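What follows is a short report on a single structure.
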Amino acid sequence: MRLELRVPEGLREKTELLDALDVAEGNEAAKSLLRPILTILCRAVSSGIQQEVFENFERYATLTTLPRQGLGAVRIALDLREAELEAARGELIDLAMEGSEWIWQTASDGQSAVVFEVLCDILDEGLTPVDQQALLDANLADLAN
């Protein structure tokens, strides 16, 4: 599955996304899939190294000198293995609900909560890149209204 999203620049350095993942209950397969994606997103890792960071996350998880994207929306583009997605499916919806609720309650950050929930939904449903962005944009628009 190809994951391609542009998320608002306001999510740079938002630790709430990773904190929500730590707090939410769920199987390790789902959390192991989400952790590198959320880290790449929050740290705005440069597009040229995202796949390497995702595939070798243990090596890069604490490295603070990774190249970053310029200002503006954060773009994420990753090829995800179907086997990892299958192992996480079913748990992602529960993580989405619990994680987004925790973000709302602790940080009152609707944008972060929406991105967390929609990302889980996208991975669970295996949406195409066009549908991924449309779902995120629609949910962010609903939040703004």
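Each chain in the structure tokens gets a letter, A, B, ..., in the order shown, and its residues are numbered from 1; ligands are numbered from 1 in order too.
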Would you list the contacts of segment 48-62 of chain A as a PDB file with all heavy atoms, in the first residue's frame, taking every protein, DNA or RNA residue within 12 Å and counting only C-alpha atoms, but skipping same-chain residues closer than 6 positions in sequence?
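Result went into out-v5.pdb, see below:
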ATOM      1  N   ARG A   2       0.475   2.210  -0.741  1.00  0.00           N
ATOM      2  CA  ARG A   2       1.197   3.483  -0.808  1.00  0.00           C
ATOM      3  C   ARG A   2       0.472   4.487   0.092  1.00  0.00           C
ATOM      4  O   ARG A   2      -0.738   4.699  -0.052  1.00  0.00           O
ATOM      5  CB  ARG A   2       1.227   3.984  -2.244  1.00  0.00           C
ATOM      6  CG  ARG A   2       1.928   5.285  -2.427  1.00  0.00           C
ATOM      7  CD  ARG A   2       3.411   5.113  -2.446  1.00  0.00           C
ATOM      8  NE  ARG A   2       4.062   6.396  -2.721  1.00  0.00           N
ATOM      9  CZ  ARG A   2       5.313   6.619  -2.474  1.00  0.00           C
ATOM     10  NH1 ARG A   2       6.073   5.675  -1.969  1.00  0.00           N
ATOM     11  NH2 ARG A   2       5.847   7.782  -2.730  1.00  0.00           N
ATOM     12  N   LEU A   3       1.203   5.088   1.026  1.00  0.00           N
ATOM     13  CA  LEU A   3       0.664   6.141   1.884  1.00  0.00           C
ATOM     14  C   LEU A   3       1.220   7.460   1.392  1.00  0.00           C
ATOM     15  O   LEU A   3       2.446   7.650   1.347  1.00  0.00           O
ATOM     16  CB  LEU A   3       1.080   5.909   3.345  1.00  0.00           C
ATOM     17  CG  LEU A   3       0.672   6.983   4.344  1.00  0.00           C
ATOM     18  CD1 LEU A   3      -0.849   7.052   4.473  1.00  0.00           C
ATOM     19  CD2 LEU A   3       1.308   6.727   5.691  1.00  0.00           C
ATOM     20  N   GLU A   4       0.343   8.363   0.986  1.00  0.00           N
ATOM     21  CA  GLU A   4       0.753   9.692   0.530  1.00  0.00           C
ATOM     22  C   GLU A   4      -0.197  10.725   1.103  1.00  0.00           C
ATOM     23  O   GLU A   4      -1.381  10.732   0.762  1.00  0.00           O
ATOM     24  CB  GLU A   4       0.718   9.786  -1.000  1.00  0.00           C
ATOM     25  CG  GLU A   4       1.805   9.014  -1.686  1.00  0.00           C
ATOM     26  CD  GLU A   4       1.836   9.259  -3.190  1.00  0.00           C
ATOM     27  OE1 GLU A   4       1.409  10.349  -3.632  1.00  0.00           O
ATOM     28  OE2 GLU A   4       2.274   8.359  -3.909  1.00  0.00           O
ATOM     29  N   SER A  32       3.570  -0.738  16.224  1.00  0.00           N
ATOM     30  CA  SER A  32       4.847  -0.789  15.504  1.00  0.00           C
ATOM     31  C   SER A  32       4.724  -0.228  14.096  1.00  0.00           C
ATOM     32  O   SER A  32       5.681   0.299  13.547  1.00  0.00           O
ATOM     33  CB  SER A  32       5.373  -2.217  15.440  1.00  0.00           C
ATOM     34  OG  SER A  32       5.722  -2.663  16.721  1.00  0.00           O
ATOM     35  N   LEU A  33       3.559  -0.348  13.511  1.00  0.00           N
ATOM     36  CA  LEU A  33       3.317   0.231  12.191  1.00  0.00           C
ATOM     37  C   LEU A  33       3.165   1.749  12.292  1.00  0.00           C
ATOM     38  O   LEU A  33       3.725   2.505  11.494  1.00  0.00           O
ATOM     39  CB  LEU A  33       2.058  -0.387  11.574  1.00  0.00           C
ATOM     40  CG  LEU A  33       1.628   0.161  10.216  1.00  0.00           C
ATOM     41  CD1 LEU A  33       2.671  -0.126   9.150  1.00  0.00           C
ATOM     42  CD2 LEU A  33       0.277  -0.421   9.829  1.00  0.00           C
ATOM     43  N   LEU A  34       2.426   2.202  13.286  1.00  0.00           N
ATOM     44  CA  LEU A  34       2.146   3.634  13.424  1.00  0.00           C
ATOM     45  C   LEU A  34       3.321   4.457  13.944  1.00  0.00           C
ATOM     46  O   LEU A  34       3.507   5.603  13.532  1.00  0.00           O
ATOM     47  CB  LEU A  34       0.959   3.842  14.368  1.00  0.00           C
ATOM     48  CG  LEU A  34      -0.410   3.629  13.766  1.00  0.00           C
ATOM     49  CD1 LEU A  34      -1.473   3.624  14.844  1.00  0.00           C
ATOM     50  CD2 LEU A  34      -0.708   4.702  12.735  1.00  0.00           C
ATOM     51  N   ARG A  35       4.111   3.906  14.849  1.00  0.00           N
ATOM     52  CA  ARG A  35       5.176   4.693  15.489  1.00  0.00           C
ATOM     53  C   ARG A  35       6.133   5.347  14.499  1.00  0.00           C
ATOM     54  O   ARG A  35       6.379   6.550  14.563  1.00  0.00           O
ATOM     55  CB  ARG A  35       5.926   3.862  16.520  1.00  0.00           C
ATOM     56  CG  ARG A  35       6.893   4.690  17.340  1.00  0.00           C
ATOM     57  CD  ARG A  35       7.458   3.939  18.528  1.00  0.00           C
ATOM     58  NE  ARG A  35       6.462   3.262  19.317  1.00  0.00           N
ATOM     59  CZ  ARG A  35       5.626   3.840  20.191  1.00  0.00           C
ATOM     60  NH1 ARG A  35       5.674   5.146  20.366  1.00  0.00           N
ATOM     61  NH2 ARG A  35       4.752   3.136  20.870  1.00  0.00           N
ATOM     62  N   PRO A  36       6.695   4.607  13.527  1.00  0.00           N
ATOM     63  CA  PRO A  36       7.602   5.284  12.597  1.00  0.00           C
ATOM     64  C   PRO A  36       6.884   6.300  11.705  1.00  0.00           C
ATOM     65  O   PRO A  36       7.447   7.351  11.389  1.00  0.00           O
ATOM     66  CB  PRO A  36       8.219   4.151  11.778  1.00  0.00           C
ATOM     67  CG  PRO A  36       7.420   2.946  12.059  1.00  0.00           C
ATOM     68  CD  PRO A  36       6.687   3.163  13.334  1.00  0.00           C
ATOM     69  N   ILE A  37       5.647   6.018  11.332  1.00  0.00           N
ATOM     70  CA  ILE A  37       4.895   6.963  10.506  1.00  0.00           C
ATOM     71  C   ILE A  37       4.671   8.261  11.269  1.00  0.00           C
ATOM     72  O   ILE A  37       4.897   9.359  10.751  1.00  0.00           O
ATOM     73  CB  ILE A  37       3.553   6.346  10.047  1.00  0.00           C
ATOM     74  CG1 ILE A  37       3.803   5.140   9.145  1.00  0.00           C
ATOM     75  CG2 ILE A  37       2.685   7.387   9.346  1.00  0.00           C
ATOM     76  CD1 ILE A  37       2.564   4.309   8.842  1.00  0.00           C
ATOM     77  N   LEU A  38       4.226   8.154  12.513  1.00  0.00           N
ATOM     78  CA  LEU A  38       3.984   9.352  13.324  1.00  0.00           C
ATOM     79  C   LEU A  38       5.279  10.100  13.617  1.00  0.00           C
ATOM     80  O   LEU A  38       5.290  11.333  13.657  1.00  0.00           O
ATOM     81  CB  LEU A  38       3.273   8.969  14.620  1.00  0.00           C
ATOM     82  CG  LEU A  38       1.845   8.460  14.461  1.00  0.00           C
ATOM     83  CD1 LEU A  38       1.299   7.958  15.796  1.00  0.00           C
ATOM     84  CD2 LEU A  38       0.935   9.529  13.870  1.00  0.00           C
ATOM     85  N   THR A  39       6.357   9.382  13.824  1.00  0.00           N
ATOM     86  CA  THR A  39       7.642  10.023  14.068  1.00  0.00           C
ATOM     87  C   THR A  39       8.098  10.802  12.837  1.00  0.00           C
ATOM     88  O   THR A  39       8.541  11.948  12.947  1.00  0.00           O
ATOM     89  CB  THR A  39       8.707   8.972  14.467  1.00  0.00           C
ATOM     90  OG1 THR A  39       8.278   8.313  15.655  1.00  0.00           O
ATOM     91  CG2 THR A  39      10.062   9.614  14.698  1.00  0.00           C
ATOM     92  N   ILE A  40       7.983  10.189  11.670  1.00  0.00           N
ATOM     93  CA  ILE A  40       8.344  10.866  10.416  1.00  0.00           C
ATOM     94  C   ILE A  40       7.496  12.119  10.245  1.00  0.00           C
ATOM     95  O   ILE A  40       7.995  13.184   9.886  1.00  0.00           O
ATOM     96  CB  ILE A  40       8.172   9.901   9.222  1.00  0.00           C
ATOM     97  CG1 ILE A  40       9.265   8.830   9.264  1.00  0.00           C
ATOM     98  CG2 ILE A  40       8.175  10.653   7.898  1.00  0.00           C
ATOM     99  CD1 ILE A  40       9.020   7.653   8.337  1.00  0.00           C
ATOM    100  N   LEU A  41       6.226  12.009  10.535  1.00  0.00           N
ATOM    101  CA  LEU A  41       5.302  13.132  10.413  1.00  0.00           C
ATOM    102  C   LEU A  41       5.646  14.249  11.391  1.00  0.00           C
ATOM    103  O   LEU A  41       5.812  15.407  11.000  1.00  0.00           O
ATOM    104  CB  LEU A  41       3.878  12.641  10.654  1.00  0.00           C
ATOM    105  CG  LEU A  41       2.799  13.695  10.708  1.00  0.00           C
ATOM    106  CD1 LEU A  41       2.384  14.041   9.300  1.00  0.00           C
ATOM    107  CD2 LEU A  41       1.626  13.200  11.498  1.00  0.00           C
ATOM    108  N   ARG A  68      15.251  17.519   7.376  1.00  0.00           N
ATOM    109  CA  ARG A  68      13.844  17.888   7.544  1.00  0.00           C
ATOM    110  C   ARG A  68      13.309  18.570   6.299  1.00  0.00           C
ATOM    111  O   ARG A  68      14.056  19.149   5.522  1.00  0.00           O
ATOM    112  CB  ARG A  68      13.693  18.835   8.726  1.00  0.00           C
ATOM    113  CG  ARG A  68      14.023  18.175  10.028  1.00  0.00           C
ATOM    114  CD  ARG A  68      14.009  19.208  11.158  1.00  0.00           C
ATOM    115  NE  ARG A  68      13.965  18.512  12.415  1.00  0.00           N
ATOM    116  CZ  ARG A  68      12.928  18.518  13.218  1.00  0.00           C
ATOM    117  NH1 ARG A  68      11.852  19.198  12.918  1.00  0.00           N
ATOM    118  NH2 ARG A  68      12.955  17.859  14.342  1.00  0.00           N
ATOM    119  N   GLN A  69      12.000  18.527   6.172  1.00  0.00           N
ATOM    120  CA  GLN A  69      11.326  19.242   5.095  1.00  0.00           C
ATOM    121  C   GLN A  69      11.337  20.732   5.397  1.00  0.00           C
ATOM    122  O   GLN A  69      11.411  21.144   6.550  1.00  0.00           O
ATOM    123  CB  GLN A  69       9.878  18.764   4.962  1.00  0.00           C
ATOM    124  CG  GLN A  69       9.763  17.319   4.543  1.00  0.00           C
ATOM    125  CD  GLN A  69       8.320  16.855   4.467  1.00  0.00           C
ATOM    126  OE1 GLN A  69       7.425  17.615   4.135  1.00  0.00           O
ATOM    127  NE2 GLN A  69       8.108  15.581   4.773  1.00  0.00           N
ATOM    128  N   VAL A  74       3.434  19.212   5.829  1.00  0.00           N
ATOM    129  CA  VAL A  74       4.362  18.089   5.905  1.00  0.00           C
ATOM    130  C   VAL A  74       3.860  17.016   4.945  1.00  0.00           C
ATOM    131  O   VAL A  74       2.712  16.579   5.031  1.00  0.00           O
ATOM    132  CB  VAL A  74       4.450  17.533   7.346  1.00  0.00           C
ATOM    133  CG1 VAL A  74       5.373  16.320   7.387  1.00  0.00           C
ATOM    134  CG2 VAL A  74       4.923  18.606   8.311  1.00  0.00           C
ATOM    135  N   ARG A  75       4.726  16.596   4.039  1.00  0.00           N
ATOM    136  CA  ARG A  75       4.372  15.560   3.077  1.00  0.00           C
ATOM    137  C   ARG A  75       4.968  14.249   3.553  1.00  0.00           C
ATOM    138  O   ARG A  75       6.130  14.181   3.925  1.00  0.00           O
ATOM    139  CB  ARG A  75       4.922  15.910   1.703  1.00  0.00           C
ATOM    140  CG  ARG A  75       4.502  14.925   0.646  1.00  0.00           C
ATOM    141  CD  ARG A  75       4.976  15.378  -0.738  1.00  0.00           C
ATOM    142  NE  ARG A  75       4.529  14.462  -1.743  1.00  0.00           N
ATOM    143  CZ  ARG A  75       5.131  13.320  -2.055  1.00  0.00           C
ATOM    144  NH1 ARG A  75       6.220  12.953  -1.419  1.00  0.00           N
ATOM    145  NH2 ARG A  75       4.654  12.543  -3.001  1.00  0.00           N
ATOM    146  N   ILE A  76       4.144  13.221   3.533  1.00  0.00           N
ATOM    147  CA  ILE A  76       4.613  11.877   3.873  1.00  0.00           C
ATOM    148  C   ILE A  76       4.281  10.958   2.712  1.00  0.00           C
ATOM    149  O   ILE A  76       3.174  11.005   2.168  1.00  0.00           O
ATOM    150  CB  ILE A  76       4.012  11.385   5.209  1.00  0.00           C
ATOM    151  CG1 ILE A  76       4.681  10.098   5.633  1.00  0.00           C
ATOM    152  CG2 ILE A  76       2.523  11.272   5.159  1.00  0.00           C
ATOM    153  CD1 ILE A  76       4.480   9.760   7.095  1.00  0.00           C
ATOM    154  N   ALA A  77       5.276  10.170   2.294  1.00  0.00           N
ATOM    155  CA  ALA A  77       5.096   9.243   1.181  1.00  0.00           C
ATOM    156  C   ALA A  77       5.872   7.966   1.495  1.00  0.00           C
ATOM    157  O   ALA A  77       7.100   7.982   1.555  1.00  0.00           O
ATOM    158  CB  ALA A  77       5.594   9.867  -0.124  1.00  0.00           C
ATOM    159  N   LEU A  78       5.138   6.887   1.732  1.00  0.00           N
ATOM    160  CA  LEU A  78       5.752   5.619   2.131  1.00  0.00           C
ATOM    161  C   LEU A  78       5.091   4.450   1.425  1.00  0.00           C
ATOM    162  O   LEU A  78       3.881   4.455   1.196  1.00  0.00           O
ATOM    163  CB  LEU A  78       5.601   5.400   3.639  1.00  0.00           C
ATOM    164  CG  LEU A  78       6.307   6.378   4.566  1.00  0.00           C
ATOM    165  CD1 LEU A  78       5.807   6.186   5.988  1.00  0.00           C
ATOM    166  CD2 LEU A  78       7.807   6.197   4.474  1.00  0.00           C
ATOM    167  N   ASP A  79       5.895   3.448   1.125  1.00  0.00           N
ATOM    168  CA  ASP A  79       5.369   2.168   0.663  1.00  0.00           C
ATOM    169  C   ASP A  79       5.314   1.255   1.876  1.00  0.00           C
ATOM    170  O   ASP A  79       6.331   1.003   2.529  1.00  0.00           O
ATOM    171  CB  ASP A  79       6.284   1.565  -0.414  1.00  0.00           C
ATOM    172  CG  ASP A  79       6.231   2.362  -1.705  1.00  0.00           C
ATOM    173  OD1 ASP A  79       5.107   2.664  -2.155  1.00  0.00           O
ATOM    174  OD2 ASP A  79       7.299   2.686  -2.249  1.00  0.00           O
ATOM    175  N   LEU A  80       4.121   0.769   2.189  1.00  0.00           N
ATOM    176  CA  LEU A  80       3.913  -0.076   3.363  1.00  0.00           C
ATOM    177  C   LEU A  80       3.692  -1.521   2.930  1.00  0.00           C
ATOM    178  O   LEU A  80       2.996  -1.773   1.944  1.00  0.00           O
ATOM    179  CB  LEU A  80       2.706   0.424   4.155  1.00  0.00           C
ATOM    180  CG  LEU A  80       2.722   1.913   4.524  1.00  0.00           C
ATOM    181  CD1 LEU A  80       1.417   2.300   5.191  1.00  0.00           C
ATOM    182  CD2 LEU A  80       3.901   2.231   5.406  1.00  0.00           C
ATOM    183  N   ARG A  81       4.260  -2.429   3.683  1.00  0.00           N
ATOM    184  CA  ARG A  81       4.110  -3.853   3.367  1.00  0.00           C
ATOM    185  C   ARG A  81       2.721  -4.345   3.770  1.00  0.00           C
ATOM    186  O   ARG A  81       2.253  -4.071   4.867  1.00  0.00           O
ATOM    187  CB  ARG A  81       5.174  -4.664   4.102  1.00  0.00           C
ATOM    188  CG  ARG A  81       6.556  -4.407   3.590  1.00  0.00           C
ATOM    189  CD  ARG A  81       7.568  -5.330   4.278  1.00  0.00           C
ATOM    190  NE  ARG A  81       8.887  -4.790   4.109  1.00  0.00           N
ATOM    191  CZ  ARG A  81       9.544  -4.098   5.039  1.00  0.00           C
ATOM    192  NH1 ARG A  81       9.014  -3.917   6.221  1.00  0.00           N
ATOM    193  NH2 ARG A  81      10.728  -3.619   4.791  1.00  0.00           N
ATOM    194  N   GLU A  84       2.437  -6.294   7.117  1.00  0.00           N
ATOM    195  CA  GLU A  84       2.389  -5.462   8.324  1.00  0.00           C
ATOM    196  C   GLU A  84       1.015  -4.835   8.500  1.00  0.00           C
ATOM    197  O   GLU A  84       0.515  -4.722   9.617  1.00  0.00           O
ATOM    198  CB  GLU A  84       3.470  -4.376   8.273  1.00  0.00           C
ATOM    199  CG  GLU A  84       4.873  -4.927   8.370  1.00  0.00           C
ATOM    200  CD  GLU A  84       5.932  -3.865   8.167  1.00  0.00           C
ATOM    201  OE1 GLU A  84       5.594  -2.721   7.784  1.00  0.00           O
ATOM    202  OE2 GLU A  84       7.110  -4.181   8.388  1.00  0.00           O
TER     203      GLU A  84
END
Exercise for review: Compile the contact shell of Ala88 of chain A as a count of residues only: residues with an atom at most 8 Å away, counting only C-alpha atoms, same-chain residues fewer than 6 positions apart removed.
Suggested key: 6
Exercise for review: Would you return as a PyMOL selection string the members of chain A that DSSP assigns to helix (DSSP H, G or I) on this structure's backbone?
Suggested key: chain A and resi 9-11+16-23+28-42+47-55+57-60+82-88+91-107+110-125+129-144
**Study point:** Sel. of strand (DSSP E or B) residues, segment 7-121 of chain A, as an MDAnalysis selection string
**Key:** chainID A and resid 7 45 68 74:79
Restricting the output to all heavy atoms, write the selected residues as a CSV table (one decimal), in the first residue's frame.
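The resulting file, again-v4.csv, is shown below:
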chain,number,residue,atom,x,y,z
A,7,VAL,N,0.0,16.9,5.5
A,7,VAL,CA,-0.7,17.2,6.7
A,7,VAL,C,-0.3,18.7,7.1
A,7,VAL,O,0.8,19.1,6.7
A,7,VAL,CB,-0.4,16.2,7.9
A,7,VAL,CG1,-0.9,14.8,7.5
A,7,VAL,CG2,1.1,16.2,8.2
A,45,VAL,N,10.4,14.7,8.6
A,45,VAL,CA,11.6,14.1,8.0
A,45,VAL,C,11.5,14.3,6.5
A,45,VAL,O,10.5,14.1,5.9
A,45,VAL,CB,11.7,12.6,8.3
A,45,VAL,CG1,12.8,11.9,7.6
A,45,VAL,CG2,11.9,12.4,9.8
A,68,ARG,N,15.3,17.5,7.4
A,68,ARG,CA,13.8,17.9,7.5
A,68,ARG,C,13.3,18.6,6.3
A,68,ARG,O,14.1,19.1,5.5
A,68,ARG,CB,13.7,18.8,8.7
A,68,ARG,CG,14.0,18.2,10.0
A,68,ARG,CD,14.0,19.2,11.2
A,68,ARG,NE,14.0,18.5,12.4
A,68,ARG,CZ,12.9,18.5,13.2
A,68,ARG,NH1,11.9,19.2,12.9
A,68,ARG,NH2,13.0,17.9,14.3
A,74,VAL,N,3.4,19.2,5.8
A,74,VAL,CA,4.4,18.1,5.9
A,74,VAL,C,3.9,17.0,4.9
A,74,VAL,O,2.7,16.6,5.0
A,74,VAL,CB,4.4,17.5,7.3
A,74,VAL,CG1,5.4,16.3,7.4
A,74,VAL,CG2,4.9,18.6,8.3
A,75,ARG,N,4.7,16.6,4.0
A,75,ARG,CA,4.4,15.6,3.1
A,75,ARG,C,5.0,14.2,3.6
A,75,ARG,O,6.1,14.2,3.9
A,75,ARG,CB,4.9,15.9,1.7
A,75,ARG,CG,4.5,14.9,0.6
A,75,ARG,CD,5.0,15.4,-0.7
A,75,ARG,NE,4.5,14.5,-1.7
A,75,ARG,CZ,5.1,13.3,-2.1
A,75,ARG,NH1,6.2,13.0,-1.4
A,75,ARG,NH2,4.7,12.5,-3.0
A,76,ILE,N,4.1,13.2,3.5
A,76,ILE,CA,4.6,11.9,3.9
A,76,ILE,C,4.3,11.0,2.7
A,76,ILE,O,3.2,11.0,2.2
A,76,ILE,CB,4.0,11.4,5.2
A,76,ILE,CG1,4.7,10.1,5.6
A,76,ILE,CG2,2.5,11.3,5.2
A,76,ILE,CD1,4.5,9.8,7.1
A,77,ALA,N,5.3,10.2,2.3
A,77,ALA,CA,5.1,9.2,1.2
A,77,ALA,C,5.9,8.0,1.5
A,77,ALA,O,7.1,8.0,1.6
A,77,ALA,CB,5.6,9.9,-0.1
A,78,LEU,N,5.1,6.9,1.7
A,78,LEU,CA,5.8,5.6,2.1
A,78,LEU,C,5.1,4.4,1.4
A,78,LEU,O,3.9,4.5,1.2
A,78,LEU,CB,5.6,5.4,3.6
A,78,LEU,CG,6.3,6.4,4.6
A,78,LEU,CD1,5.8,6.2,6.0
A,78,LEU,CD2,7.8,6.2,4.5
A,79,ASP,N,5.9,3.4,1.1
A,79,ASP,CA,5.4,2.2,0.7
A,79,ASP,C,5.3,1.3,1.9
A,79,ASP,O,6.3,1.0,2.5
A,79,ASP,CB,6.3,1.6,-0.4
A,79,ASP,CG,6.2,2.4,-1.7
A,79,ASP,OD1,5.1,2.7,-2.2
A,79,ASP,OD2,7.3,2.7,-2.2
Practice item. Can you pull out every residue within 8 Å of Gly72 of chain A, counting only C-alpha atoms, but drop anything in the same chain fewer than 2 positions away, and send it as a VMD selection string? Key: chain A and resid 8 to 9 70 74
Selection export as a tab-separated table (two decimals), in the first residue's frame, atoms kept: N, CA, C and O atoms:
chain	number	residue	atom	x	y	z
A	8	PRO	N	-1.17	19.34	7.83
A	8	PRO	CA	-0.89	20.73	8.17
A	8	PRO	C	0.45	20.89	8.90
A	8	PRO	O	0.84	20.06	9.71
A	9	GLU	N	1.12	22.00	8.59
A	9	GLU	CA	2.43	22.24	9.20
A	9	GLU	C	2.34	22.39	10.71
A	9	GLU	O	3.33	22.20	11.41
A	70	GLY	N	11.20	21.53	4.34
A	70	GLY	CA	11.10	22.97	4.51
A	70	GLY	C	9.77	23.35	5.13
A	70	GLY	O	8.96	22.50	5.49
A	74	VAL	N	3.43	19.21	5.83
A	74	VAL	CA	4.36	18.09	5.90
A	74	VAL	C	3.86	17.02	4.94
A	74	VAL	O	2.71	16.58	5.03
